[in-house]
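J.: My questions will all concern the structure given below.
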Amino acid sequence: MRLAEDLIRDVRHAVRGLSRSPGFSLAVILTLALGIGGNTAVFSVVDQLLLRPLPYPSGDQLVMVEESVGTSAHADVSPANWLDWQRASRTFRGFAAWQSALFTMTGAGEPRRVVAQLVSSEFFPVLGFAPFLGRSISADEDRPNGPRVAVISYRAWQEQMGGDRGVIGRSIQLDDRPFEIVGVMPPGFGFVHQDIDVWTASQLDRSRSWRETKHGRMLHVVGRITAGTTIGGARSELESIARGLAARYTFNRNTSVTVTPLRDVLTGQVRSSVLVLFAGVGVLLAIACFNVASMLLARSSSRQHEIAIRASLGAGRWSIARSVVVESLLLAAAGGGLGLVLARGSLDALLATAPANLLGVSELFVDRRVVIYAVGVSLATGAIAGLAPMFLFARRSMAVASRTRDSRAGHSPRVRQALVVLQVAMTIVLLCG
């Protein structure tokens with residue numbers, strides 16, 4: 001109870017003191033806002049790309065399966081091998097094949113080019129997604145000369161169909177061929193690429209001798225491993241199946257398979273860059289901490305007369321040191337709040353300037369997880385920035401402070417010089433990085 005009363009008194013005293021020095025307060029808050037805002041913005045990217053579960057049910061069970069042919073570690077898959085994997089595998093719940101395509105879509109607003117995926121009937125079940133409206137593609141539709149059907153994205157439904165819930169059963173033209181709309185996917189759904197607006201059946205002939213064709217590899221394959229199976233176990237089984245196929249068919253000689261977790265596929269282009277950027281903004285935040293610590297030290301040195309009066313009235317050295325930390329925490333809280341605003345704006349700018357599909361997400365946002373992170377970073381920053389002046393006050397004899405009004409009595413050149421050296425060192429590291 002006594003501690004709570006002391007803290008409330010320290011907060012009131014810090015607020016009054018900071019209000020009398022608006023220039024100092026604004027400088028510290030802006031410095032912290034830049035450091036905390038940049039750190040929070042990049043953490044939002046790291047969180048969404050690397051830390052959160054994939055946006056698919058049990059997404060850690062999804063893998064991309066590719067063929068390795070000779071010296072090529074990643075190659076498209078032959079339909080024959082895809083079908084043989086489905087028949088022979090026991091560690092996979094299923095495999096789905098897909099290809100990318102471009103169409104001119106008419107019959108739904110203005111004609112426009114759309115990016116599409118030609119998928120097997122296993123595609124949506126393997127990913128574990130059901131349409132927002134209607135249904136997905138059936139096995140009867142995924143056969144040669146089957147009915148032409150299409151599943152459209154939520155974005156296309158809103159922009160091209162006006163969000164009409166009676167869209168199921170309507171017809172659209174893809175390259176002048178009619179397709180019946182049978183489903184609308186939920187908002188934000190995408191696979192590998194975020195700009196897909198249409199999914200249609202690939203309608204591959206599964207009875208064809210694909211190993212005897214000139215161009216026998218043209219598919220991308222995603223698989224879902226069974227619960228409890230490791231990626232290594234699934235990889236070992238498929239490699240064993242591939243060795244059997246290589247011994248049996250000339251087409252498969254010198255071939256094997258690669259199994260890559262879907263998260264690695266989706267983040268492979270940016271993982272290293274994002275982590276380096278996160279380290280960079282961490283250094284920026286460290287520079288801000290050292291800068292603020294130096295400013296707090298200078299401010300405390302100029303307040304020796306005030307501190308001497310408090311000491312003469314009975315305030316202990318730890319009580320005065322605690323008030324410095326409380327002041328630092330208040331400044332950090334204000335800087336963190338402004339930093340969140342800066343982070344939100346910088347995320348919009350990042351999405352606007354990043355190359356298409358580079359980040360693999362349709363939007364970046366500041367949610368509860370990011371706010372909690374920002375609060376934690378703000379508190380840690382405030383505590384760290386207040387350590388130097390706090391320890392100086394704790395070590396200093398209050399009797400000495402009370403005998404002098406010279407502002408240099410609280411001055412600690414070695415500490416301030418060390419802080420300047422650290423700032424310069426971190427700045428060079430940041431610039432070189």
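We name chains A, B, ... following the order of the structure tokens; residues begin at 1 in each chain, and ligands are numbered from 1 as shown.
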Excluding stretch 371-375 of chain A and any residue of its chain fewer than 6 positions from it, enumerate the residues within 10 Å of it, using only C-alpha atoms, and give them as a ChimeraX atom specification.
T.: /A:36-37,39-41,43-44,332-333,336-337,339-340,343,381
J.: List as a list in words the protein and nucleic acid residues near A:Glu122, meaning an atom at most 10 Å away when only C-alpha atoms are counted, but skip any in the same chain fewer than 2 places from it.
T.: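 Skipping anything fewer than 2 positions along the chain leaves Gly94, Phe95, Ala96, Ala97, Trp98, Val119, Ser120, Phe124, Pro125, Val126, Leu127, Gly128, Ser136, Ile137, Ser138, Ala139, Asp142, Val222 and Gly223 of chain A.
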J.: Now that the selection is made, can you save its residues with N, CA, C and O atoms as a tab-separated table (two decimals), in the first residue's frame?
T.:
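Output contents, as saved in out-v6.tsv:
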```
chain	number	residue	atom	x	y	z
A	94	GLY	N	-3.43	-36.47	-48.36
A	94	GLY	CA	-3.83	-36.19	-49.73
A	94	GLY	C	-2.85	-35.27	-50.41
A	94	GLY	O	-2.04	-34.60	-49.77
A	95	PHE	N	-2.91	-35.26	-51.74
A	95	PHE	CA	-2.11	-34.37	-52.58
A	95	PHE	C	-3.07	-33.63	-53.51
A	95	PHE	O	-4.06	-34.20	-53.97
A	96	ALA	N	-2.76	-32.39	-53.80
A	96	ALA	CA	-3.55	-31.61	-54.76
A	96	ALA	C	-2.61	-30.96	-55.76
A	96	ALA	O	-1.51	-30.53	-55.41
A	97	ALA	N	-3.05	-30.91	-57.01
A	97	ALA	CA	-2.24	-30.33	-58.08
A	97	ALA	C	-2.86	-29.02	-58.53
A	97	ALA	O	-4.09	-28.84	-58.50
A	98	TRP	N	-2.01	-28.09	-59.01
A	98	TRP	CA	-2.50	-26.81	-59.50
A	98	TRP	C	-1.52	-26.22	-60.50
A	98	TRP	O	-0.34	-26.57	-60.51
A	119	VAL	N	-7.02	-26.11	-60.79
A	119	VAL	CA	-6.78	-26.97	-59.64
A	119	VAL	C	-7.46	-28.31	-59.81
A	119	VAL	O	-8.46	-28.45	-60.54
A	120	SER	N	-6.91	-29.30	-59.12
A	120	SER	CA	-7.56	-30.61	-59.08
A	120	SER	C	-8.69	-30.57	-58.06
A	120	SER	O	-8.76	-29.67	-57.22
A	124	PHE	N	-9.16	-27.82	-52.64
A	124	PHE	CA	-9.77	-27.17	-51.48
A	124	PHE	C	-9.86	-28.11	-50.27
A	124	PHE	O	-9.59	-27.67	-49.14
A	125	PRO	N	-10.21	-29.41	-50.43
A	125	PRO	CA	-10.18	-30.30	-49.27
A	125	PRO	C	-8.80	-30.44	-48.63
A	125	PRO	O	-8.68	-30.50	-47.41
A	126	VAL	N	-7.73	-30.51	-49.45
A	126	VAL	CA	-6.38	-30.63	-48.89
A	126	VAL	C	-6.02	-29.39	-48.09
A	126	VAL	O	-5.45	-29.47	-47.00
A	127	LEU	N	-6.37	-28.20	-48.60
A	127	LEU	CA	-6.09	-26.97	-47.87
A	127	LEU	C	-7.00	-26.82	-46.65
A	127	LEU	O	-6.70	-26.05	-45.74
A	128	GLY	N	-8.12	-27.54	-46.64
A	128	GLY	CA	-9.03	-27.47	-45.50
A	128	GLY	C	-9.95	-26.28	-45.52
A	128	GLY	O	-10.46	-25.87	-44.47
A	136	SER	N	-17.23	-26.17	-53.60
A	136	SER	CA	-15.97	-26.21	-54.35
A	136	SER	C	-16.13	-27.11	-55.58
A	136	SER	O	-17.24	-27.50	-55.95
A	137	ILE	N	-15.03	-27.44	-56.21
A	137	ILE	CA	-15.04	-28.21	-57.47
A	137	ILE	C	-15.12	-29.70	-57.16
A	137	ILE	O	-14.37	-30.21	-56.32
A	138	SER	N	-16.01	-30.39	-57.83
A	138	SER	CA	-16.22	-31.83	-57.58
A	138	SER	C	-15.33	-32.67	-58.49
A	138	SER	O	-14.76	-32.19	-59.48
A	139	ALA	N	-15.24	-33.96	-58.16
A	139	ALA	CA	-14.44	-34.89	-58.97
A	139	ALA	C	-15.02	-35.04	-60.37
A	139	ALA	O	-14.27	-35.19	-61.35
A	142	ASP	N	-13.81	-32.31	-62.46
A	142	ASP	CA	-12.37	-32.34	-62.72
A	142	ASP	C	-12.00	-33.57	-63.56
A	142	ASP	O	-11.23	-34.43	-63.15
A	222	VAL	N	0.73	-29.61	-53.76
A	222	VAL	CA	0.71	-29.36	-52.33
A	222	VAL	C	0.14	-30.59	-51.65
A	222	VAL	O	-0.80	-31.22	-52.16
A	223	GLY	N	0.72	-30.98	-50.53
A	223	GLY	CA	0.25	-32.16	-49.81
A	223	GLY	C	-0.01	-31.85	-48.35
A	223	GLY	O	0.54	-30.89	-47.79
```
J.: Would you mind telling me which residue in A:Gln173, A:Ser78, A:Ser58, A:Asn145 lies nearest to A:Gly109 when using only C-alpha atoms?
T.: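 Closest to A:Gly109, using only C-alpha atoms: A:Gln173.
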J.: Which is closer to A:Asn252 than all the others in A:Arg155, A:Gly216, A:Leu296, A:Ser100, using only C-alpha atoms?
T.: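 Selected residue with least distance to A:Asn252: A:Gly216.
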J.: Taking only C-alpha atoms into account, which of A:Gln158, A:Met295, A:Tyr56, A:Ile196 comes nearest A:Ala130?
T.: A:Tyr56
J.: Go through A:Gly134, A:Gly382, A:Gly280, A:Pro55 and flag the residue nearest A:Val429, using only C-alpha atoms for the distances.
T.: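 Nearest candidate to A:Val429 out of A:Gly134, A:Gly382, A:Gly280, A:Pro55: A:Gly280.
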J.: Could you tell me how far atom CA of A:Thr213 lies from atom CA of A:Ser121, in Å and to one decimal?
T.: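 Distance reported for this atom pair: 23.1 Å.
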J.: Using DSSP on the backbone coordinates, identify all residues within stretch 188-374 of chain A classified as strand (DSSP E or B); present the result as a PyMOL selection string.
T.: chain A and resi 191+193+196-201+219-225+255-261
